[in-house]
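J.: As input, take input_0.cif (mmCIF, C-alpha atoms):
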```
data_final
loop_
_atom_site.group_PDB
_atom_site.id
_atom_site.type_symbol
_atom_site.label_atom_id
_atom_site.label_comp_id
_atom_site.auth_asym_id
_atom_site.auth_seq_id
_atom_site.Cartn_x
_atom_site.Cartn_y
_atom_site.Cartn_z
ATOM 1 C CA MET A 1071 0.000 0.000 0.000
ATOM 2 C CA ALA A 1072 1.144 3.529 -0.737
ATOM 3 C CA LYS A 1073 0.756 6.420 1.707
ATOM 4 C CA LEU A 1074 -0.671 9.777 0.671
ATOM 5 C CA LYS A 1075 -1.996 12.898 2.278
ATOM 6 C CA TYR A 1076 -5.684 13.725 1.886
ATOM 7 C CA TYR A 1077 -5.067 16.425 -0.757
ATOM 8 C CA GLN A 1078 -2.602 14.194 -2.628
ATOM 9 C CA ALA A 1079 -5.214 11.437 -2.889
ATOM 10 C CA PHE A 1080 -7.589 14.052 -4.311
ATOM 11 C CA ASN A 1081 -4.974 15.127 -6.865
ATOM 12 C CA ARG A 1082 -4.250 11.527 -7.864
ATOM 13 C CA ALA A 1083 -7.950 10.717 -8.319
ATOM 14 C CA LEU A 1084 -8.480 13.741 -10.536
ATOM 15 C CA ARG A 1085 -5.322 13.098 -12.564
ATOM 16 C CA GLU A 1086 -6.293 9.469 -13.169
ATOM 17 C CA GLU A 1087 -9.788 10.421 -14.317
ATOM 18 C CA LEU A 1088 -8.524 13.182 -16.613
ATOM 19 C CA ALA A 1089 -6.135 10.670 -18.186
ATOM 20 C CA ARG A 1090 -8.774 7.934 -18.428
ATOM 21 C CA ASP A 1091 -11.551 9.963 -20.062
ATOM 22 C CA GLU A 1092 -11.008 12.942 -22.381
ATOM 23 C CA ASN A 1093 -14.529 14.176 -21.577
ATOM 24 C CA VAL A 1094 -13.515 14.983 -17.982
ATOM 25 C CA ILE A 1095 -12.833 18.696 -17.509
ATOM 26 C CA VAL A 1096 -12.078 20.765 -14.409
ATOM 27 C CA MET A 1097 -13.505 24.235 -13.719
ATOM 28 C CA GLY A 1098 -13.264 26.603 -10.785
ATOM 29 C CA GLU A 1099 -11.487 29.490 -9.136
ATOM 30 C CA ASP A 1100 -7.686 29.019 -8.956
ATOM 31 C CA VAL A 1101 -7.707 25.411 -10.190
ATOM 32 C CA GLY A 1102 -5.377 26.220 -13.116
ATOM 33 C CA GLU A 1103 -1.729 27.293 -13.031
ATOM 34 C CA SER A 1104 -1.803 28.151 -9.322
ATOM 35 C CA GLY A 1105 -2.756 24.560 -8.468
ATOM 36 C CA GLY A 1106 -5.594 25.251 -6.038
ATOM 37 C CA ILE A 1107 -5.829 26.825 -2.603
ATOM 38 C CA PHE A 1108 -4.746 23.534 -0.963
ATOM 39 C CA ALA A 1109 -2.473 22.348 -3.846
ATOM 40 C CA GLN A 1110 -5.219 19.902 -4.748
ATOM 41 C CA THR A 1111 -4.977 20.574 -8.518
ATOM 42 C CA ARG A 1112 -1.216 21.156 -8.650
ATOM 43 C CA GLY A 1113 0.316 20.069 -11.956
ATOM 44 C CA LEU A 1114 -2.961 19.310 -13.716
ATOM 45 C CA HIS A 1115 -3.029 22.499 -15.798
ATOM 46 C CA ALA A 1116 0.490 21.828 -17.103
ATOM 47 C CA GLU A 1117 -0.291 18.183 -17.854
ATOM 48 C CA PHE A 1118 -3.734 18.504 -19.448
ATOM 49 C CA GLY A 1119 -3.810 22.105 -20.654
ATOM 50 C CA GLY A 1120 -5.957 25.160 -20.107
ATOM 51 C CA VAL A 1121 -8.898 23.882 -22.145
ATOM 52 C CA ARG A 1122 -9.523 20.946 -19.808
ATOM 53 C CA VAL A 1123 -8.340 22.584 -16.554
ATOM 54 C CA ARG A 1124 -9.613 26.142 -16.579
ATOM 55 C CA ASP A 1125 -9.906 28.975 -14.117
ATOM 56 C CA THR A 1126 -13.223 30.775 -13.809
ATOM 57 C CA PRO A 1127 -14.313 34.199 -12.562
ATOM 58 C CA ILE A 1128 -15.637 34.520 -9.026
ATOM 59 C CA ALA A 1129 -19.167 33.676 -10.171
ATOM 60 C CA GLU A 1130 -20.240 30.332 -8.727
ATOM 61 C CA ASN A 1131 -23.792 30.470 -10.029
ATOM 62 C CA GLY A 1132 -22.568 31.185 -13.551
ATOM 63 C CA PHE A 1133 -19.904 28.530 -13.901
ATOM 64 C CA VAL A 1134 -21.961 25.813 -12.175
ATOM 65 C CA SER A 1135 -24.792 26.616 -14.586
ATOM 66 C CA ALA A 1136 -22.342 26.297 -17.495
ATOM 67 C CA ALA A 1137 -21.161 22.957 -16.105
ATOM 68 C CA VAL A 1138 -24.734 21.629 -15.944
ATOM 69 C CA GLY A 1139 -25.153 22.393 -19.634
ATOM 70 C CA ALA A 1140 -21.769 20.831 -20.427
ATOM 71 C CA ALA A 1141 -22.731 17.671 -18.546
ATOM 72 C CA MET A 1142 -26.024 17.385 -20.451
ATOM 73 C CA THR A 1143 -24.186 17.578 -23.783
ATOM 74 C CA GLY A 1144 -21.488 14.962 -23.265
ATOM 75 C CA LEU A 1145 -18.748 16.276 -20.992
ATOM 76 C CA ARG A 1146 -18.027 15.238 -17.414
ATOM 77 C CA PRO A 1147 -17.351 18.519 -15.605
ATOM 78 C CA VAL A 1148 -15.621 18.510 -12.232
ATOM 79 C CA VAL A 1149 -16.341 21.846 -10.580
ATOM 80 C CA GLU A 1150 -14.627 23.371 -7.571
ATOM 81 C CA ILE A 1151 -16.419 25.620 -5.096
ATOM 82 C CA GLY A 1152 -13.593 26.889 -2.909
ATOM 83 C CA PHE A 1153 -15.438 26.724 0.411
ATOM 84 C CA GLU A 1154 -18.573 24.786 1.304
ATOM 85 C CA ASP A 1155 -20.276 27.971 2.493
ATOM 86 C CA PHE A 1156 -20.269 29.267 -1.099
ATOM 87 C CA LEU A 1157 -22.485 26.431 -2.285
ATOM 88 C CA THR A 1158 -25.201 28.863 -1.264
ATOM 89 C CA CYS A 1159 -24.238 30.956 -4.310
ATOM 90 C CA CYS A 1160 -25.155 28.153 -6.732
ATOM 91 C CA MET A 1161 -28.217 26.534 -5.185
ATOM 92 C CA ASP A 1162 -30.352 27.098 -8.284
ATOM 93 C CA PRO A 1163 -28.182 25.224 -10.832
ATOM 94 C CA LEU A 1164 -27.444 22.466 -8.319
ATOM 95 C CA VAL A 1165 -30.847 21.949 -6.708
ATOM 96 C CA ASN A 1166 -33.318 23.163 -9.329
ATOM 97 C CA GLN A 1167 -31.457 22.100 -12.457
ATOM 98 C CA ALA A 1168 -28.760 19.416 -12.090
ATOM 99 C CA ALA A 1169 -30.674 17.282 -9.594
ATOM 100 C CA LYS A 1170 -33.985 17.395 -11.488
ATOM 101 C CA LEU A 1171 -33.250 17.465 -15.208
ATOM 102 C CA ARG A 1172 -32.889 13.704 -15.639
ATOM 103 C CA PHE A 1173 -36.309 13.230 -14.026
ATOM 104 C CA MET A 1174 -37.949 16.084 -15.911
ATOM 105 C CA LEU A 1175 -36.687 14.817 -19.281
ATOM 106 C CA GLY A 1176 -37.676 11.206 -18.704
ATOM 107 C CA GLY A 1177 -34.134 9.891 -18.572
ATOM 108 C CA GLN A 1178 -33.294 11.116 -22.079
ATOM 109 C CA VAL A 1179 -30.209 12.905 -20.759
ATOM 110 C CA THR A 1180 -27.703 12.242 -18.014
ATOM 111 C CA VAL A 1181 -26.063 14.911 -15.873
ATOM 112 C CA PRO A 1182 -22.600 13.529 -14.960
ATOM 113 C CA LEU A 1183 -21.597 16.565 -12.916
ATOM 114 C CA THR A 1184 -19.220 16.421 -9.953
ATOM 115 C CA VAL A 1185 -19.070 19.416 -7.622
ATOM 116 C CA TYR A 1186 -16.476 19.380 -4.869
ATOM 117 C CA THR A 1187 -15.753 21.802 -2.076
ATOM 118 C CA PHE A 1188 -13.913 22.186 1.223
ATOM 119 C CA GLY A 1189 -15.893 22.643 4.416
ATOM 120 C CA SER A 1190 -16.156 22.067 8.162
ATOM 121 C CA GLY A 1191 -14.210 23.882 10.862
ATOM 122 C CA GLY A 1192 -11.093 23.441 12.921
ATOM 123 C CA VAL A 1193 -8.853 25.918 11.083
ATOM 124 C CA ASN A 1194 -10.174 29.176 12.608
ATOM 125 C CA ALA A 1195 -11.782 30.344 9.378
ATOM 126 C CA GLY A 1196 -14.807 31.901 11.033
ATOM 127 C CA PRO A 1197 -18.575 31.681 10.542
ATOM 128 C CA GLN A 1198 -18.592 32.198 6.744
ATOM 129 C CA HIS A 1199 -15.904 29.596 5.951
ATOM 130 C CA SER A 1200 -16.545 26.779 8.434
ATOM 131 C CA GLN A 1201 -20.018 25.428 7.790
ATOM 132 C CA SER A 1202 -21.143 21.839 7.228
ATOM 133 C CA LEU A 1203 -24.180 21.968 4.951
ATOM 134 C CA GLY A 1204 -24.405 18.368 3.757
ATOM 135 C CA ALA A 1205 -27.828 17.737 5.306
ATOM 136 C CA TRP A 1206 -29.317 20.488 3.119
ATOM 137 C CA PHE A 1207 -28.265 18.687 -0.045
ATOM 138 C CA ALA A 1208 -29.060 15.207 1.254
ATOM 139 C CA GLN A 1209 -32.716 16.281 1.146
ATOM 140 C CA VAL A 1210 -32.601 16.741 -2.636
ATOM 141 C CA PRO A 1211 -33.632 13.712 -4.728
ATOM 142 C CA GLY A 1212 -31.336 13.211 -7.697
ATOM 143 C CA LEU A 1213 -28.265 14.618 -5.958
ATOM 144 C CA LYS A 1214 -25.715 12.303 -4.322
ATOM 145 C CA VAL A 1215 -23.589 13.566 -1.411
ATOM 146 C CA VAL A 1216 -20.340 11.981 -0.162
ATOM 147 C CA THR A 1217 -18.111 12.929 2.795
ATOM 148 C CA PRO A 1218 -14.766 11.053 2.718
ATOM 149 C CA SER A 1219 -12.754 11.048 5.949
ATOM 150 C CA THR A 1220 -9.517 9.307 4.851
ATOM 151 C CA PRO A 1221 -7.178 9.572 1.827
ATOM 152 C CA ARG A 1222 -8.342 6.114 0.716
ATOM 153 C CA ASP A 1223 -11.960 7.256 0.749
ATOM 154 C CA VAL A 1224 -11.053 10.460 -1.096
ATOM 155 C CA LEU A 1225 -9.397 8.431 -3.847
ATOM 156 C CA GLY A 1226 -12.161 5.845 -4.186
ATOM 157 C CA LEU A 1227 -15.236 8.046 -3.757
ATOM 158 C CA PHE A 1228 -13.978 10.939 -5.883
ATOM 159 C CA LYS A 1229 -13.249 8.626 -8.804
ATOM 160 C CA SER A 1230 -16.686 7.024 -8.443
ATOM 161 C CA ALA A 1231 -18.304 10.470 -8.342
ATOM 162 C CA ILE A 1232 -16.659 11.521 -11.597
ATOM 163 C CA ARG A 1233 -17.809 8.309 -13.308
ATOM 164 C CA ASP A 1234 -21.391 8.573 -12.042
ATOM 165 C CA ASP A 1235 -24.039 9.636 -14.555
ATOM 166 C CA ASN A 1236 -25.812 11.659 -11.854
ATOM 167 C CA PRO A 1237 -24.721 14.875 -10.115
ATOM 168 C CA VAL A 1238 -22.544 14.152 -7.087
ATOM 169 C CA LEU A 1239 -21.501 16.628 -4.396
ATOM 170 C CA CYS A 1240 -18.166 15.772 -2.737
ATOM 171 C CA LEU A 1241 -17.697 17.455 0.638
ATOM 172 C CA PHE A 1242 -14.029 17.457 1.630
ATOM 173 C CA ALA A 1243 -12.843 18.655 5.050
ATOM 174 C CA LYS A 1244 -10.307 21.485 5.350
ATOM 175 C CA ARG A 1245 -9.069 20.129 8.656
ATOM 176 C CA LEU A 1246 -8.116 16.805 7.028
ATOM 177 C CA ILE A 1247 -6.180 18.269 4.070
ATOM 178 C CA GLY A 1248 -2.784 17.281 5.513
ATOM 179 C CA ALA A 1249 -3.896 13.995 7.105
ATOM 180 C CA SER A 1250 -2.039 10.907 5.867
ATOM 181 C CA GLY A 1251 -3.278 7.402 5.204
ATOM 182 C CA GLU A 1252 -2.753 4.277 3.154
ATOM 183 C CA VAL A 1253 -4.147 4.043 -0.371
ATOM 184 C CA PRO A 1254 -3.878 1.410 -3.119
ATOM 185 C CA GLU A 1255 -0.750 1.572 -5.260
ATOM 186 C CA GLU A 1256 -0.547 3.621 -8.464
ATOM 187 C CA GLY A 1257 -1.853 1.681 -11.419
ATOM 188 C CA GLU A 1258 -4.713 0.074 -9.498
ATOM 189 C CA ASP A 1259 -8.056 1.393 -10.715
ATOM 190 C CA PHE A 1260 -9.458 1.792 -7.225
ATOM 191 C CA THR A 1261 -13.019 2.989 -6.632
ATOM 192 C CA LEU A 1262 -15.470 2.822 -3.746
ATOM 193 C CA PRO A 1263 -19.252 2.515 -4.141
ATOM 194 C CA ILE A 1264 -21.295 5.588 -3.296
ATOM 195 C CA GLY A 1265 -23.939 4.888 -0.660
ATOM 196 C CA ARG A 1266 -22.082 2.645 1.737
ATOM 197 C CA SER A 1267 -20.997 3.156 5.356
ATOM 198 C CA GLU A 1268 -17.915 1.472 6.781
ATOM 199 C CA VAL A 1269 -17.218 0.012 10.216
ATOM 200 C CA ARG A 1270 -13.913 1.507 11.374
ATOM 201 C CA ARG A 1271 -13.819 -0.210 14.766
ATOM 202 C CA THR A 1272 -15.828 -3.114 16.147
ATOM 203 C CA GLY A 1273 -17.436 -3.202 19.576
ATOM 204 C CA ASN A 1274 -20.456 -4.519 21.452
ATOM 205 C CA ASP A 1275 -21.365 -1.809 23.988
ATOM 206 C CA ILE A 1276 -22.357 1.209 21.896
ATOM 207 C CA THR A 1277 -22.468 2.314 18.264
ATOM 208 C CA ILE A 1278 -20.826 5.662 17.497
ATOM 209 C CA VAL A 1279 -21.621 7.073 14.061
ATOM 210 C CA GLY A 1280 -19.169 9.716 12.846
ATOM 211 C CA VAL A 1281 -19.319 12.062 9.866
ATOM 212 C CA SER A 1282 -16.152 13.301 8.129
ATOM 213 C CA THR A 1283 -13.770 14.904 10.683
ATOM 214 C CA MET A 1284 -15.703 13.417 13.581
ATOM 215 C CA VAL A 1285 -14.716 9.868 12.610
ATOM 216 C CA ARG A 1286 -11.198 10.467 13.946
ATOM 217 C CA ALA A 1287 -12.575 12.011 17.121
ATOM 218 C CA ALA A 1288 -14.921 9.039 17.573
ATOM 219 C CA LEU A 1289 -12.073 6.554 17.085
ATOM 220 C CA ALA A 1290 -9.897 8.369 19.626
ATOM 221 C CA ALA A 1291 -12.788 8.404 22.108
ATOM 222 C CA ALA A 1292 -13.406 4.691 21.522
ATOM 223 C CA GLU A 1293 -9.787 3.823 22.297
ATOM 224 C CA SER A 1294 -9.915 5.875 25.486
ATOM 225 C CA LEU A 1295 -13.188 4.248 26.556
ATOM 226 C CA ALA A 1296 -11.721 0.786 26.000
ATOM 227 C CA GLU A 1297 -8.548 1.522 27.968
ATOM 228 C CA GLU A 1298 -10.076 3.424 30.877
ATOM 229 C CA ASN A 1299 -13.570 1.996 31.228
ATOM 230 C CA ALA A 1300 -13.606 -1.338 29.404
ATOM 231 C CA ILE A 1301 -16.329 0.046 27.140
ATOM 232 C CA GLU A 1302 -16.040 -1.339 23.623
ATOM 233 C CA ALA A 1303 -17.509 1.094 21.120
ATOM 234 C CA GLU A 1304 -18.212 0.303 17.488
ATOM 235 C CA VAL A 1305 -17.375 3.238 15.210
ATOM 236 C CA ILE A 1306 -19.095 3.674 11.846
ATOM 237 C CA ASP A 1307 -18.005 6.150 9.178
ATOM 238 C CA VAL A 1308 -21.086 7.335 7.249
ATOM 239 C CA MET A 1309 -19.040 8.253 4.103
ATOM 240 C CA SER A 1310 -22.194 8.976 2.069
ATOM 241 C CA LEU A 1311 -25.020 11.242 3.234
ATOM 242 C CA SER A 1312 -27.136 10.432 0.181
ATOM 243 C CA PRO A 1313 -27.760 7.646 -0.480
ATOM 244 C CA LEU A 1314 -27.494 6.939 3.255
ATOM 245 C CA ASP A 1315 -26.516 3.406 4.257
ATOM 246 C CA CYS A 1316 -28.597 2.873 7.380
ATOM 247 C CA ASP A 1317 -28.465 -0.918 7.052
ATOM 248 C CA THR A 1318 -24.903 -1.007 8.378
ATOM 249 C CA ILE A 1319 -25.827 1.310 11.247
ATOM 250 C CA ILE A 1320 -28.955 -0.645 12.171
ATOM 251 C CA ALA A 1321 -27.047 -3.947 12.063
ATOM 252 C CA SER A 1322 -24.574 -2.464 14.546
ATOM 253 C CA VAL A 1323 -27.302 -1.108 16.823
ATOM 254 C CA MET A 1324 -28.959 -4.539 16.795
ATOM 255 C CA ARG A 1325 -25.787 -5.799 18.501
ATOM 256 C CA THR A 1326 -24.986 -2.895 20.803
ATOM 257 C CA GLY A 1327 -28.441 -1.536 21.682
ATOM 258 C CA ARG A 1328 -27.067 2.004 21.993
ATOM 259 C CA LEU A 1329 -26.439 4.782 19.488
ATOM 260 C CA CYS A 1330 -24.529 8.052 19.523
ATOM 261 C CA ILE A 1331 -24.033 10.230 16.420
ATOM 262 C CA VAL A 1332 -21.310 12.867 16.104
ATOM 263 C CA HIS A 1333 -21.097 15.520 13.396
ATOM 264 C CA GLU A 1334 -19.866 19.087 12.887
ATOM 265 C CA ALA A 1335 -23.150 20.248 11.400
ATOM 266 C CA HIS A 1336 -25.728 21.702 13.755
ATOM 267 C CA GLY A 1337 -28.124 19.337 15.461
ATOM 268 C CA PRO A 1338 -31.578 20.544 14.302
ATOM 269 C CA CYS A 1339 -32.695 18.826 11.069
ATOM 270 C CA GLY A 1340 -29.232 17.316 10.597
ATOM 271 C CA ILE A 1341 -28.101 13.916 9.346
ATOM 272 C CA GLY A 1342 -27.990 12.694 12.951
ATOM 273 C CA ALA A 1343 -31.687 13.362 13.311
ATOM 274 C CA GLU A 1344 -32.370 11.354 10.144
ATOM 275 C CA ILE A 1345 -30.294 8.412 11.367
ATOM 276 C CA ILE A 1346 -32.050 8.404 14.738
ATOM 277 C CA ALA A 1347 -35.427 8.514 12.989
ATOM 278 C CA ARG A 1348 -34.599 5.519 10.823
ATOM 279 C CA VAL A 1349 -33.165 3.512 13.700
ATOM 280 C CA SER A 1350 -36.226 4.318 15.802
ATOM 281 C CA GLU A 1351 -38.512 3.220 12.972
ATOM 282 C CA GLN A 1352 -36.673 -0.016 12.195
ATOM 283 C CA ALA A 1353 -34.952 -1.104 15.404
ATOM 284 C CA HIS A 1354 -36.796 0.576 18.263
ATOM 285 C CA ASP A 1355 -37.252 -2.658 20.210
ATOM 286 C CA VAL A 1356 -33.498 -3.309 20.572
ATOM 287 C CA LEU A 1357 -32.603 0.110 21.962
ATOM 288 C CA LYS A 1358 -31.489 -0.074 25.592
ATOM 289 C CA ALA A 1359 -31.388 3.736 25.927
ATOM 290 C CA PRO A 1360 -32.461 6.771 23.894
ATOM 291 C CA PRO A 1361 -30.111 7.576 20.991
ATOM 292 C CA TRP A 1362 -28.470 11.001 21.072
ATOM 293 C CA ARG A 1363 -26.387 13.448 19.045
ATOM 294 C CA ILE A 1364 -23.162 15.263 19.837
ATOM 295 C CA THR A 1365 -22.895 18.447 17.750
ATOM 296 C CA PRO A 1366 -21.770 22.063 18.042
ATOM 297 C CA PRO A 1367 -24.175 24.508 19.670
ATOM 298 C CA PHE A 1368 -26.826 26.035 17.422
ATOM 299 C CA ALA A 1369 -24.791 29.146 16.661
ATOM 300 C CA PRO A 1370 -22.346 30.291 13.966
ATOM 301 C CA SER A 1371 -18.761 29.077 14.294
ATOM 302 C CA PRO A 1372 -16.536 31.535 16.185
ATOM 303 C CA PHE A 1373 -13.257 32.951 14.814
ATOM 304 C CA ALA A 1374 -11.181 32.765 17.984
ATOM 305 C CA PRO A 1375 -9.169 29.501 18.215
ATOM 306 C CA VAL A 1376 -10.008 28.951 21.875
ATOM 307 C CA LEU A 1377 -13.732 29.434 21.214
ATOM 308 C CA GLU A 1378 -13.750 27.230 18.109
ATOM 309 C CA LYS A 1379 -12.011 24.492 20.087
ATOM 310 C CA ALA A 1380 -14.793 24.657 22.676
ATOM 311 C CA TYR A 1381 -17.445 24.886 19.946
ATOM 312 C CA LEU A 1382 -16.518 21.711 18.034
ATOM 313 C CA PRO A 1383 -17.116 18.211 19.444
ATOM 314 C CA SER A 1384 -13.893 16.579 20.643
ATOM 315 C CA ALA A 1385 -12.757 13.075 21.539
ATOM 316 C CA ALA A 1386 -12.791 14.094 25.206
ATOM 317 C CA ARG A 1387 -16.391 15.313 25.018
ATOM 318 C CA ILE A 1388 -17.515 12.178 23.187
ATOM 319 C CA GLY A 1389 -15.833 9.975 25.775
ATOM 320 C CA ASP A 1390 -17.257 11.936 28.710
ATOM 321 C CA GLU A 1391 -20.822 11.838 27.364
ATOM 322 C CA ILE A 1392 -20.669 8.105 26.718
ATOM 323 C CA ARG A 1393 -19.215 7.401 30.169
ATOM 324 C CA GLY A 1394 -22.009 9.441 31.686
ATOM 325 C CA ARG A 1395 -24.710 7.627 29.744
ATOM 326 C CA LEU A 1396 -23.318 4.147 30.368
ATOM 327 C CA ALA A 1397 -22.513 4.676 34.040
#
```
What would the structure in this file look like if it were written as structure tokens?
T.:
Amino acid sequence: MAKLKYYQAFNRALREELARDENVIVMGEDVGESGGIFAQTRGLHAEFGGVRVRDTPIAENGFVSAAVGAAMTGLRPVVEIGFEDFLTCCMDPLVNQAAKLRFMLGGQVTVPLTVYTFGSGGVNAGPQHSQSLGAWFAQVPGLKVVTPSTPRDVLGLFKSAIRDDNPVLCLFAKRLIGASGEVPEEGEDFTLPIGRSEVRRTGNDITIVGVSTMVRAALAAAESLAEENAIEAEVIDVMSLSPLDCDTIIASVMRTGRLCIVHEAHGPCGIGAEIIARVSEQAHDVLKAPPWRITPPFAPSPFAPVLEKAYLPSAARIGDEIRGRLA
């Protein structure tokens, strides 16, 4: 196995897909010669040229709209929105057009559009650059939403997104950009299916479901719980918000009887609420205690590092809440 950083796995996935299919193009702000704000597109402009890897004006609604049209007419656009917060600037082409056109036209066209962006907190970027909006888009039929937490998942899910004939939104985490992990060797055409959760740690006492950055926090909390309290937690990485793989989560809860969900998005109407609803509908009888969510407070993310640290869920907070509930 090779070892790559999160952003390097992104770069490799995009390079492999550009080389594999001449219909793949990349559009966005600073994706060209500069190589991206996190070096995620470094070298691609030089290798594939300015026609296929092109910078755009600061006009998200305009260039996402152009990408929808390009996707309908045979290309496979990969579009960067620099920060997840700025998805709000292109809601119409994403939600009203890309997600619905295949339905409205009776399947006569496909819309193989991939939109990726960098979100979540942890880097002191403040309330307009730290949001986690995945639950908004998971409500939209026709739009797939993935949230990879490791370099391996970035490589496999991003490649699958680009090959999908439906619009896919890839939510990458700024805080994980420099995180390292093992990935398949170069030359292996590695993909991961969209719509599947993965068990990262097995256990019989409680199921912890983590989203994106919170998977690492959940794993750290699980190790601490095992060492200090002999509590064995099972940790599940959601990976895909839509389609949402609740079968894996429910199978785990059937064994553990307890459920805790951790995400950076706010609690009200979030993906945690949806998971709890589905578990309650399908596995209510096995629950030994009420499921609960660990999320930031219902307020914008603060700028100050000390306040943001207190604002975001941590491994210590996860461990303390679980100890309290299982005492």
J.: Might you spell out which residues the PyMOL selection byres ((chain A and resi 1353-1364) around 6) would select in the displayed file, as a PyMOL selection string?
T.: chain A and resi 1327-1332+1349-1350+1352+1365
J.: Check which residues of segment 1115-1159 of chain A sit at most 8 Å from segment 1166-1185 of chain A using only C-alpha atoms, and return one row each with the closest pair of atoms and their distance in Å to one decimal, ordered by chain and rising number, as a Markdown table.
T.:
```
| residue | atom | partner | partner_atom | distance |
| --- | --- | --- | --- | --- |
| A:Ala1137 | CA | A:Leu1183 | CA | 7.2 |
| A:Val1138 | CA | A:Ala1168 | CA | 6.0 |
| A:Ala1141 | CA | A:Val1181 | CA | 5.1 |
| A:Met1142 | CA | A:Val1181 | CA | 5.2 |
| A:Leu1145 | CA | A:Pro1182 | CA | 7.7 |
| A:Arg1146 | CA | A:Pro1182 | CA | 5.5 |
| A:Pro1147 | CA | A:Leu1183 | CA | 5.4 |
| A:Val1148 | CA | A:Thr1184 | CA | 4.7 |
| A:Val1149 | CA | A:Val1185 | CA | 4.7 |
| A:Glu1150 | CA | A:Val1185 | CA | 5.9 |
| A:Ile1151 | CA | A:Val1185 | CA | 7.2 |
```
J.: Counting all atoms listed in the file, what is within 12 Å of Cys1159 of chain A, bar same-chain residues fewer than 4 positions away, as a list in words?
T.: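 Result of the neighbour search: Ile1128, Ala1129, Glu1130, Asn1131, Gly1132, Phe1133, Val1134, Ser1135, Ile1151, Gly1152, Phe1153, Glu1154, Asp1155, Pro1163, Leu1164 and Val1165 of chain A.
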J.: Under the rule that all atoms listed in the file are counted, which of A:Arg1325, A:Arg1286, A:His1336, A:Lys1073 is the nearest residue to Leu1246 of chain A?
T.: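 The closest residue to Leu1246 of chain A is A:Arg1286.
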J.: Which residues, named as in the file, does the PyMOL selection byres ((chain A and resi 1193) around 12) pick out? Answer as a PyMOL selection string.
T.: chain A and resi 1188-1192+1194-1197+1199-1201+1243-1248+1371-1379+1382
J.: One decimal, Å: what's the distance from atom CA of Ala1205 of chain A over to atom CA of Ala1343 of chain A, could you say?
T.: 9.9 Å
J.: Any idea what the distance is between atom CA of Ala1380 of chain A and atom CA of Glu1302 of chain A?
T.: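 Calculated distance between atom CA of Ala1380 of chain A and atom CA of Glu1302 of chain A is 26.0 Å.
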J.: My list of candidates is A:Ser1312, A:Thr1111, A:Thr1158, A:Thr1220. Which is closest to Leu1239 of chain A when distances are computed with only C-alpha atoms?
T.: A:Ser1312
J.: For Glu1258 of chain A, which residue among A:Val1281, A:Met1324, A:Val1305, A:Ala1083 is the nearest when counting all atoms listed in the file?
T.: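 Among the listed residues, A:Ala1083 lies closest to Glu1258 of chain A.
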J.: Please determine the residues with any atom at most 9 Å from (-0.2, 12.2, 2.1) (coordinates as given in the file, with only C-alpha atoms counting) and report them as JSON, numbers by chain.
T.: {"A": [1073, 1074, 1075, 1076, 1077, 1078, 1079, 1221, 1247, 1248, 1249, 1250, 1251, 1252]}
